[in-house]
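**Student:** Provided herewith: data_1.cif, mmCIF, C-alpha atoms.
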data_protein
#
loop_
_atom_site.group_PDB
_atom_site.id
_atom_site.type_symbol
_atom_site.label_atom_id
_atom_site.label_comp_id
_atom_site.auth_asym_id
_atom_site.auth_seq_id
_atom_site.Cartn_x
_atom_site.Cartn_y
_atom_site.Cartn_z
ATOM 1 C CA GLN A 1 20.458 13.864 -15.655
ATOM 2 C CA GLN A 2 19.694 10.339 -14.538
ATOM 3 C CA GLN A 3 21.655 10.689 -11.315
ATOM 4 C CA VAL A 4 20.346 10.863 -7.792
ATOM 5 C CA LYS A 5 22.786 12.514 -5.395
ATOM 6 C CA GLN A 6 22.658 11.391 -1.775
ATOM 7 C CA SER A 7 24.229 12.883 1.343
ATOM 8 C CA PRO A 8 25.777 12.412 3.791
ATOM 9 C CA GLN A 9 27.833 9.323 3.036
ATOM 10 C CA SER A 10 27.791 8.363 6.704
ATOM 11 C CA LEU A 11 25.958 9.571 9.781
ATOM 12 C CA ILE A 12 26.269 8.980 13.516
ATOM 13 C CA VAL A 13 23.267 9.823 15.684
ATOM 14 C CA GLN A 14 22.642 9.285 19.369
ATOM 15 C CA LYS A 15 19.791 7.061 20.448
ATOM 16 C CA GLY A 16 16.596 9.075 20.532
ATOM 17 C CA GLY A 17 17.874 11.663 18.082
ATOM 18 C CA ILE A 18 16.687 12.534 14.589
ATOM 19 C CA SER A 19 18.492 11.111 11.555
ATOM 20 C CA ILE A 20 18.213 13.108 8.334
ATOM 21 C CA ILE A 21 19.361 11.910 4.913
ATOM 22 C CA ASN A 22 19.040 14.053 1.803
ATOM 23 C CA CYS A 23 18.725 13.327 -1.893
ATOM 24 C CA ALA A 24 18.609 15.536 -4.967
ATOM 25 C CA TYR A 25 17.695 14.776 -8.562
ATOM 26 C CA GLU A 26 17.740 16.530 -11.924
ATOM 27 C CA ASN A 27 15.271 14.633 -14.090
ATOM 28 C CA THR A 28 11.839 16.223 -13.615
ATOM 29 C CA ALA A 29 10.220 13.178 -15.226
ATOM 30 C CA PHE A 30 10.887 11.119 -12.094
ATOM 31 C CA ASP A 31 7.555 10.371 -10.425
ATOM 32 C CA TYR A 32 8.322 7.742 -7.798
ATOM 33 C CA PHE A 33 10.788 8.179 -4.934
ATOM 34 C CA PRO A 34 11.382 5.203 -2.613
ATOM 35 C CA TRP A 35 13.765 4.771 0.281
ATOM 36 C CA TYR A 36 15.367 1.398 0.935
ATOM 37 C CA GLN A 37 16.985 0.060 4.117
ATOM 38 C CA GLN A 38 19.774 -2.498 3.897
ATOM 39 C CA PHE A 39 21.429 -4.464 6.688
ATOM 40 C CA PRO A 40 24.912 -5.965 6.145
ATOM 41 C CA GLY A 41 24.878 -9.032 3.916
ATOM 42 C CA LYS A 42 21.174 -8.669 3.107
ATOM 43 C CA GLY A 43 19.161 -7.341 0.199
ATOM 44 C CA PRO A 44 17.575 -3.879 0.454
ATOM 45 C CA ALA A 45 13.982 -3.645 1.684
ATOM 46 C CA LEU A 46 11.516 -0.898 0.871
ATOM 47 C CA LEU A 47 11.066 1.438 3.819
ATOM 48 C CA ILE A 48 8.770 4.157 2.532
ATOM 49 C CA ALA A 49 8.003 5.806 -0.811
ATOM 50 C CA ILE A 50 6.415 9.008 -2.079
ATOM 51 C CA ARG A 51 4.901 10.371 -5.291
ATOM 52 C CA PRO A 52 5.479 14.028 -6.246
ATOM 53 C CA ASP A 53 1.859 15.061 -5.699
ATOM 54 C CA VAL A 54 2.393 15.156 -1.904
ATOM 55 C CA SER A 55 4.992 17.048 0.128
ATOM 56 C CA GLU A 56 5.248 14.677 3.055
ATOM 57 C CA LYS A 57 4.537 11.070 3.941
ATOM 58 C CA LYS A 58 4.844 9.545 7.382
ATOM 59 C CA GLU A 59 4.947 5.898 8.437
ATOM 60 C CA GLY A 60 5.669 5.396 12.097
ATOM 61 C CA ARG A 61 9.028 6.985 12.938
ATOM 62 C CA PHE A 62 9.943 7.415 9.255
ATOM 63 C CA THR A 63 8.987 10.516 7.248
ATOM 64 C CA ILE A 64 9.751 11.537 3.675
ATOM 65 C CA SER A 65 9.765 15.248 2.936
ATOM 66 C CA PHE A 66 9.503 16.155 -0.748
ATOM 67 C CA ASN A 67 10.306 19.536 -2.311
ATOM 68 C CA LYS A 68 9.323 19.423 -5.972
ATOM 69 C CA SER A 69 10.551 22.923 -6.841
ATOM 70 C CA ALA A 70 13.981 22.259 -5.339
ATOM 71 C CA LYS A 71 14.075 18.717 -6.752
ATOM 72 C CA GLN A 72 15.021 17.358 -3.351
ATOM 73 C CA PHE A 73 13.638 14.782 -0.970
ATOM 74 C CA SER A 74 14.765 13.632 2.435
ATOM 75 C CA LEU A 75 14.262 10.854 4.946
ATOM 76 C CA HIS A 76 13.770 11.708 8.608
ATOM 77 C CA ILE A 77 14.032 9.006 11.254
ATOM 78 C CA MET A 78 12.554 10.203 14.526
ATOM 79 C CA ASP A 79 13.604 8.745 17.896
ATOM 80 C CA SER A 80 16.443 6.840 16.188
ATOM 81 C CA GLN A 81 17.224 3.430 17.691
ATOM 82 C CA PRO A 82 20.311 1.201 17.527
ATOM 83 C CA GLY A 83 18.240 -1.225 15.436
ATOM 84 C CA ASP A 84 17.976 1.484 12.779
ATOM 85 C CA SER A 85 21.721 1.205 12.152
ATOM 86 C CA ALA A 86 21.887 0.238 8.496
ATOM 87 C CA THR A 87 22.621 1.646 5.050
ATOM 88 C CA TYR A 88 19.848 3.732 3.502
ATOM 89 C CA PHE A 89 19.385 4.305 -0.217
ATOM 90 C CA CYS A 90 17.162 6.802 -1.920
ATOM 91 C CA ALA A 91 16.003 6.070 -5.452
ATOM 92 C CA ALA A 92 13.880 7.499 -8.236
ATOM 93 C CA SER A 93 12.073 6.158 -11.256
ATOM 94 C CA ILE A 94 9.690 7.104 -14.034
ATOM 95 C CA SER A 95 6.360 5.272 -13.954
ATOM 96 C CA PHE A 96 7.753 2.491 -11.743
ATOM 97 C CA GLN A 97 10.314 1.528 -14.363
ATOM 98 C CA LYS A 98 13.981 0.928 -13.588
ATOM 99 C CA LEU A 99 15.165 2.594 -10.403
ATOM 100 C CA VAL A 100 18.105 5.001 -10.214
ATOM 101 C CA PHE A 101 19.762 4.710 -6.800
ATOM 102 C CA GLY A 102 21.718 7.144 -4.689
ATOM 103 C CA THR A 103 25.102 6.035 -3.382
ATOM 104 C CA GLY A 104 23.831 5.215 0.097
ATOM 105 C CA THR A 105 24.181 6.558 3.638
ATOM 106 C CA ARG A 106 25.594 4.392 6.393
ATOM 107 C CA LEU A 107 23.725 5.249 9.597
ATOM 108 C CA LEU A 108 25.055 4.336 13.031
ATOM 109 C CA VAL A 109 22.847 4.974 16.043
ATOM 110 C CA SER A 110 24.914 4.968 19.209
ATOM 111 C CA PRO A 111 23.317 3.556 22.379
ATOM 112 C CA ASP B 1 6.203 -18.332 1.405
ATOM 113 C CA GLY B 2 6.436 -15.818 -1.437
ATOM 114 C CA GLY B 3 9.747 -14.242 -2.246
ATOM 115 C CA ILE B 4 12.943 -14.144 -4.215
ATOM 116 C CA THR B 5 15.691 -16.681 -3.790
ATOM 117 C CA GLN B 6 19.258 -16.297 -4.942
ATOM 118 C CA SER B 7 21.816 -19.022 -4.916
ATOM 119 C CA PRO B 8 24.458 -19.581 -3.904
ATOM 120 C CA LYS B 9 24.976 -17.045 -1.090
ATOM 121 C CA TYR B 10 28.751 -17.096 -1.583
ATOM 122 C CA LEU B 11 30.530 -17.981 -4.802
ATOM 123 C CA PHE B 12 34.202 -18.227 -5.578
ATOM 124 C CA ARG B 13 35.544 -18.271 -9.103
ATOM 125 C CA LYS B 14 38.931 -18.461 -10.683
ATOM 126 C CA GLU B 15 39.921 -15.793 -13.141
ATOM 127 C CA GLY B 16 38.936 -16.683 -16.700
ATOM 128 C CA GLN B 17 35.903 -18.779 -15.721
ATOM 129 C CA ASN B 18 32.289 -17.996 -16.458
ATOM 130 C CA VAL B 19 29.842 -18.352 -13.571
ATOM 131 C CA THR B 20 26.044 -18.278 -13.419
ATOM 132 C CA LEU B 21 24.077 -16.760 -10.547
ATOM 133 C CA SER B 22 20.572 -18.035 -9.950
ATOM 134 C CA CYS B 23 17.493 -15.893 -9.254
ATOM 135 C CA GLU B 24 14.016 -17.365 -8.773
ATOM 136 C CA GLN B 25 10.796 -15.611 -7.723
ATOM 137 C CA ASN B 26 7.350 -16.970 -6.878
ATOM 138 C CA LEU B 27 5.656 -13.596 -6.611
ATOM 139 C CA ASN B 28 4.204 -13.800 -10.131
ATOM 140 C CA HIS B 29 6.046 -10.584 -10.987
ATOM 141 C CA ASP B 30 6.524 -9.637 -14.621
ATOM 142 C CA ALA B 31 9.710 -7.582 -14.267
ATOM 143 C CA MET B 32 13.043 -8.789 -12.955
ATOM 144 C CA TYR B 33 16.327 -6.963 -12.440
ATOM 145 C CA TRP B 34 19.991 -7.609 -11.709
ATOM 146 C CA TYR B 35 22.074 -5.092 -9.769
ATOM 147 C CA ARG B 36 25.681 -4.980 -8.771
ATOM 148 C CA GLN B 37 26.655 -3.415 -5.443
ATOM 149 C CA ASP B 38 30.165 -2.195 -4.639
ATOM 150 C CA PRO B 39 31.170 -0.355 -1.454
ATOM 151 C CA GLY B 40 30.320 3.336 -1.655
ATOM 152 C CA GLN B 41 28.720 3.065 -5.099
ATOM 153 C CA GLY B 42 25.152 2.122 -4.395
ATOM 154 C CA LEU B 43 23.306 -0.241 -6.691
ATOM 155 C CA ARG B 44 24.010 -0.240 -10.407
ATOM 156 C CA LEU B 45 21.674 -1.864 -12.910
ATOM 157 C CA ILE B 46 23.179 -4.654 -15.022
ATOM 158 C CA TYR B 47 20.185 -6.056 -16.947
ATOM 159 C CA TYR B 48 16.428 -6.001 -16.626
ATOM 160 C CA SER B 49 13.520 -7.885 -18.131
ATOM 161 C CA GLN B 50 9.935 -6.662 -18.357
ATOM 162 C CA ILE B 51 8.492 -9.868 -19.829
ATOM 163 C CA VAL B 52 9.520 -13.416 -20.649
ATOM 164 C CA ASN B 53 11.907 -13.792 -23.591
ATOM 165 C CA ASP B 54 12.810 -10.110 -23.543
ATOM 166 C CA PHE B 55 15.515 -8.198 -21.669
ATOM 167 C CA GLN B 56 17.416 -4.928 -21.906
ATOM 168 C CA LYS B 57 20.887 -3.780 -20.939
ATOM 169 C CA GLY B 58 21.243 -1.608 -17.894
ATOM 170 C CA ASP B 59 24.031 0.819 -17.107
ATOM 171 C CA ILE B 60 26.855 -1.707 -16.701
ATOM 172 C CA ALA B 61 25.981 -4.702 -18.937
ATOM 173 C CA GLU B 62 29.459 -5.290 -20.383
ATOM 174 C CA GLY B 63 30.823 -8.697 -19.387
ATOM 175 C CA TYR B 64 27.430 -10.032 -18.300
ATOM 176 C CA SER B 65 24.656 -11.991 -19.992
ATOM 177 C CA VAL B 66 21.131 -13.028 -18.996
ATOM 178 C CA SER B 67 18.216 -15.120 -20.179
ATOM 179 C CA ARG B 68 14.491 -15.028 -19.367
ATOM 180 C CA GLU B 69 12.967 -18.273 -20.567
ATOM 181 C CA LYS B 70 10.516 -18.522 -17.663
ATOM 182 C CA LYS B 71 8.638 -15.868 -15.739
ATOM 183 C CA GLU B 72 10.028 -17.172 -12.455
ATOM 184 C CA SER B 73 13.695 -17.288 -13.397
ATOM 185 C CA PHE B 74 16.288 -14.708 -14.464
ATOM 186 C CA PRO B 75 19.823 -16.162 -14.275
ATOM 187 C CA LEU B 76 22.865 -13.922 -14.652
ATOM 188 C CA THR B 77 26.128 -15.150 -16.183
ATOM 189 C CA VAL B 78 29.297 -13.323 -15.263
ATOM 190 C CA THR B 79 31.675 -13.949 -18.126
ATOM 191 C CA SER B 80 35.447 -13.857 -18.214
ATOM 192 C CA ALA B 81 35.119 -10.565 -20.106
ATOM 193 C CA GLN B 82 33.979 -8.804 -16.920
ATOM 194 C CA LYS B 83 37.146 -7.121 -15.679
ATOM 195 C CA ASN B 84 36.207 -6.608 -12.030
ATOM 196 C CA PRO B 85 33.598 -9.242 -11.173
ATOM 197 C CA THR B 86 34.128 -9.347 -7.403
ATOM 198 C CA ALA B 87 30.982 -7.754 -5.961
ATOM 199 C CA PHE B 88 27.654 -8.326 -4.236
ATOM 200 C CA TYR B 89 24.952 -9.186 -6.791
ATOM 201 C CA LEU B 90 21.303 -8.493 -6.105
ATOM 202 C CA CYS B 91 18.273 -9.716 -7.994
ATOM 203 C CA ALA B 92 14.917 -7.942 -7.751
ATOM 204 C CA SER B 93 11.420 -8.288 -9.152
ATOM 205 C CA SER B 94 8.420 -6.015 -9.444
ATOM 206 C CA ARG B 95 4.910 -5.825 -10.844
ATOM 207 C CA GLY B 96 4.289 -2.216 -11.744
ATOM 208 C CA GLY B 97 5.443 -0.870 -8.401
ATOM 209 C CA GLU B 98 7.711 -1.732 -5.499
ATOM 210 C CA GLN B 99 10.857 -3.674 -6.268
ATOM 211 C CA PHE B 100 11.480 -6.629 -3.982
ATOM 212 C CA PHE B 101 15.069 -7.759 -3.547
ATOM 213 C CA GLY B 102 16.574 -11.162 -2.982
ATOM 214 C CA PRO B 103 19.217 -11.837 -0.310
ATOM 215 C CA GLY B 104 22.112 -11.453 -2.748
ATOM 216 C CA THR B 105 25.100 -13.484 -3.909
ATOM 217 C CA ARG B 106 28.623 -12.434 -2.988
ATOM 218 C CA LEU B 107 30.976 -13.331 -5.828
ATOM 219 C CA THR B 108 34.718 -13.395 -5.236
ATOM 220 C CA VAL B 109 37.196 -13.924 -8.022
ATOM 221 C CA LEU B 110 40.397 -15.567 -6.848
#
Can you dump the structure from the file as structure tokens?
**Tutor:**
Amino acid sequence: QQQVKQSPQSLIVQKGGISIINCAYENTAFDYFPWYQQFPGKGPALLIAIRPDVSEKKEGRFTISFNKSAKQFSLHIMDSQPGDSATYFCAASISFQKLVFGTGTRLLVSP
Amino acid sequence: DGGITQSPKYLFRKEGQNVTLSCEQNLNHDAMYWYRQDPGQGLRLIYYSQIVNDFQKGDIAEGYSVSREKKESFPLTVTSAQKNPTAFYLCASSRGGEQFFGPGTRLTVL
């Protein structure tokens, strides 16, 4: 019940396209859902996060969509760029305590 | 410059040896965390500490030990009891919200 399931494992998108990564969870006590971006050999960095009281949050080209009833949330990257090529992790926590991470999605944006 | 530093960036160890990974933060964060990252498995929590002189086991604590004697420091020791220690180790800190990660230490057991 503590798991967060992430898909797809890898994704190839053309420059200018939309990248979509999905996550699902079981524990309804989760109340904080961040997305992290990680470049090779570096630590993850927070990209965007959402609380369950809103269904969507947008920051620049990055949008989180949240479906509380389905226990799913997704990351949309609009106008994907080669510089977006990285590994993306979704995560969830209860009251900002320890994070439970998805297994990651390796995104490649082709020029 | 505020942030989290981890040292060394690369570490090589012979089988049977203990090794200690350093993690220091100057963000004045109360909580600190250690994660292990393996290809295709995401980040798995090893140990975490909410306050000085207190820490809890995460999901994969066997073969690891930690201490939290100072707010700024949370070193991780990988003991010889850890069967598969080769991995990328990440330290993080937080203060009631976003977790900030260090640059990581890649440990290779020879």
**Student:** For the file shown, report as number ranges by chain the outcome of the PyMOL selection byres ((chain B and resi 108) around 9) at residue level.
**Tutor:** B: 10-14, 85-88, 106-107, 109-110
**Student:** What is the CA of Gln9 in chain A to CA of Leu75 in chain A distance in Å?
**Tutor:**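 Distance reported for this atom pair: 13.8 Å.
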**Student:** Excluding Ser80 in chain B and its own-chain neighbours fewer than 2 positions away, which residues fall within 6 Å of it when counting all atoms listed in the file? Please give them as a list of chain:residue names.
**Tutor:**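 That gives B:Gly16, B:Gln17, B:Asn18, B:Gln82.
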**Student:** Please identify every residue of chain B that has at least one atom no farther than 12 Å from an atom of chain A, counting only C-alpha atoms, and for each give the shortest atom pair and the distance in Å to one decimal, arranged by chain then increasing number, as a Markdown table.
**Tutor:**
| residue | atom | partner | partner_atom | distance |
| --- | --- | --- | --- | --- |
| B:Gly3 | CA | A:Gly43 | CA | 11.9 |
| B:Ile4 | CA | A:Gly43 | CA | 10.2 |
| B:Thr5 | CA | A:Gly43 | CA | 10.7 |
| B:Gln6 | CA | A:Gly43 | CA | 10.3 |
| B:Lys9 | CA | A:Gly41 | CA | 9.4 |
| B:Tyr10 | CA | A:Gly41 | CA | 10.5 |
| B:Asp30 | CA | A:Gln97 | CA | 11.8 |
| B:Ala31 | CA | A:Gln97 | CA | 9.1 |
| B:Met32 | CA | A:Lys98 | CA | 9.8 |
| B:Tyr33 | CA | A:Lys98 | CA | 8.3 |
| B:Trp34 | CA | A:Lys98 | CA | 10.6 |
| B:Tyr35 | CA | A:Leu99 | CA | 10.4 |
| B:Arg36 | CA | A:Gly43 | CA | 11.3 |
| B:Gln37 | CA | A:Thr103 | CA | 9.8 |
| B:Asp38 | CA | A:Thr103 | CA | 9.7 |
| B:Pro39 | CA | A:Thr103 | CA | 9.0 |
| B:Gly40 | CA | A:Thr103 | CA | 6.1 |
| B:Gln41 | CA | A:Thr103 | CA | 5.0 |
| B:Gly42 | CA | A:Thr103 | CA | 4.0 |
| B:Leu43 | CA | A:Phe101 | CA | 6.1 |
| B:Arg44 | CA | A:Phe101 | CA | 7.5 |
| B:Leu45 | CA | A:Val100 | CA | 8.2 |
| B:Ile46 | CA | A:Lys98 | CA | 10.9 |
| B:Tyr47 | CA | A:Lys98 | CA | 9.9 |
| B:Tyr48 | CA | A:Lys98 | CA | 8.0 |
| B:Ser49 | CA | A:Lys98 | CA | 9.9 |
| B:Gln50 | CA | A:Gln97 | CA | 9.1 |
| B:Gln56 | CA | A:Lys98 | CA | 10.7 |
| B:Lys57 | CA | A:Lys98 | CA | 11.1 |
| B:Gly58 | CA | A:Lys98 | CA | 8.8 |
| B:Asp59 | CA | A:Val100 | CA | 10.0 |
| B:Ala87 | CA | A:Gly41 | CA | 11.7 |
| B:Phe88 | CA | A:Gly41 | CA | 8.6 |
| B:Tyr89 | CA | A:Gly43 | CA | 9.3 |
| B:Leu90 | CA | A:Gly43 | CA | 6.8 |
| B:Cys91 | CA | A:Gly43 | CA | 8.6 |
| B:Ala92 | CA | A:Gly43 | CA | 9.0 |
| B:Ser93 | CA | A:Lys98 | CA | 10.5 |
| B:Ser94 | CA | A:Phe96 | CA | 8.8 |
| B:Arg95 | CA | A:Phe96 | CA | 8.8 |
| B:Gly96 | CA | A:Phe96 | CA | 5.8 |
| B:Gly97 | CA | A:Phe96 | CA | 5.3 |
| B:Glu98 | CA | A:Leu46 | CA | 7.5 |
| B:Gln99 | CA | A:Leu46 | CA | 7.7 |
| B:Phe100 | CA | A:Ala45 | CA | 6.9 |
| B:Phe101 | CA | A:Gly43 | CA | 5.6 |
| B:Gly102 | CA | A:Gly43 | CA | 5.6 |
| B:Pro103 | CA | A:Gly43 | CA | 4.5 |
| B:Gly104 | CA | A:Gly43 | CA | 5.9 |
| B:Thr105 | CA | A:Gly41 | CA | 9.0 |
| B:Arg106 | CA | A:Gly41 | CA | 8.6 |
**Student:** Using only C-alpha atoms, which residues sit within 10 Å of Leu107 in chain A once same-chain residues fewer than 4 positions away are excluded, as a list in words?
**Tutor:**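 The residues satisfying every condition are Pro8, Gln9, Ser10, Leu11, Ile12, Val13, Ser19, Ile20, Ile21, Ser80, Pro82, Asp84, Ser85, Ala86, Thr87 and Tyr88 of chain A.
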**Student:** Between CA of Lys5 in chain A and CA of Asn27 in chain A, what is the distance in Å, rounded to a tenth?
**Tutor:**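 So the two atoms, CA of Lys5 in chain A and CA of Asn27 in chain A, lie 11.7 Å apart.
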**Student:** Compute the distance from (20.7, -11.7, -24.9) to each atom, counting all atoms listed in the file, keep the residues with any atom at most 10 Å away, and return them as a PyMOL selection string; use the coordinates of the file.
**Tutor:** chain B and resi 47+53-57+64-68
**Student:** To verify the selection step, state as an MDAnalysis selection string which residues the PyMOL selection byres ((chain A and resi 54-60) around 12) yields on this input.
**Tutor:** chainID A and resid 31:35 47:53 61:80
**Student:** Between B:Thr20, B:Ser7, B:Gln25, B:Asn84, which has the minimum distance to Lys70 in chain B (counting all atoms listed in the file)?
**Tutor:**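 Closest to Lys70 in chain B of all the choices is B:Gln25.
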**Student:** Could you tell me how far CA of Pro8 in chain B sits from CA of Ile60 in chain B, in Å to one decimal place?
**Tutor:**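 Distance between the two atoms: 22.1 Å.
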**Student:** Each side padded by 4 Å, which centre and which edge lengths in Å (one decimal) define the axis-aligned box around the listed atoms of range 4-20 of chain A? Give them as AutoDock Vina command-line options.
**Tutor:**
--center_x 22.2 --center_y 10.1 --center_z 6.4 --size_x 19.2 --size_y 14.0 --size_z 36.3
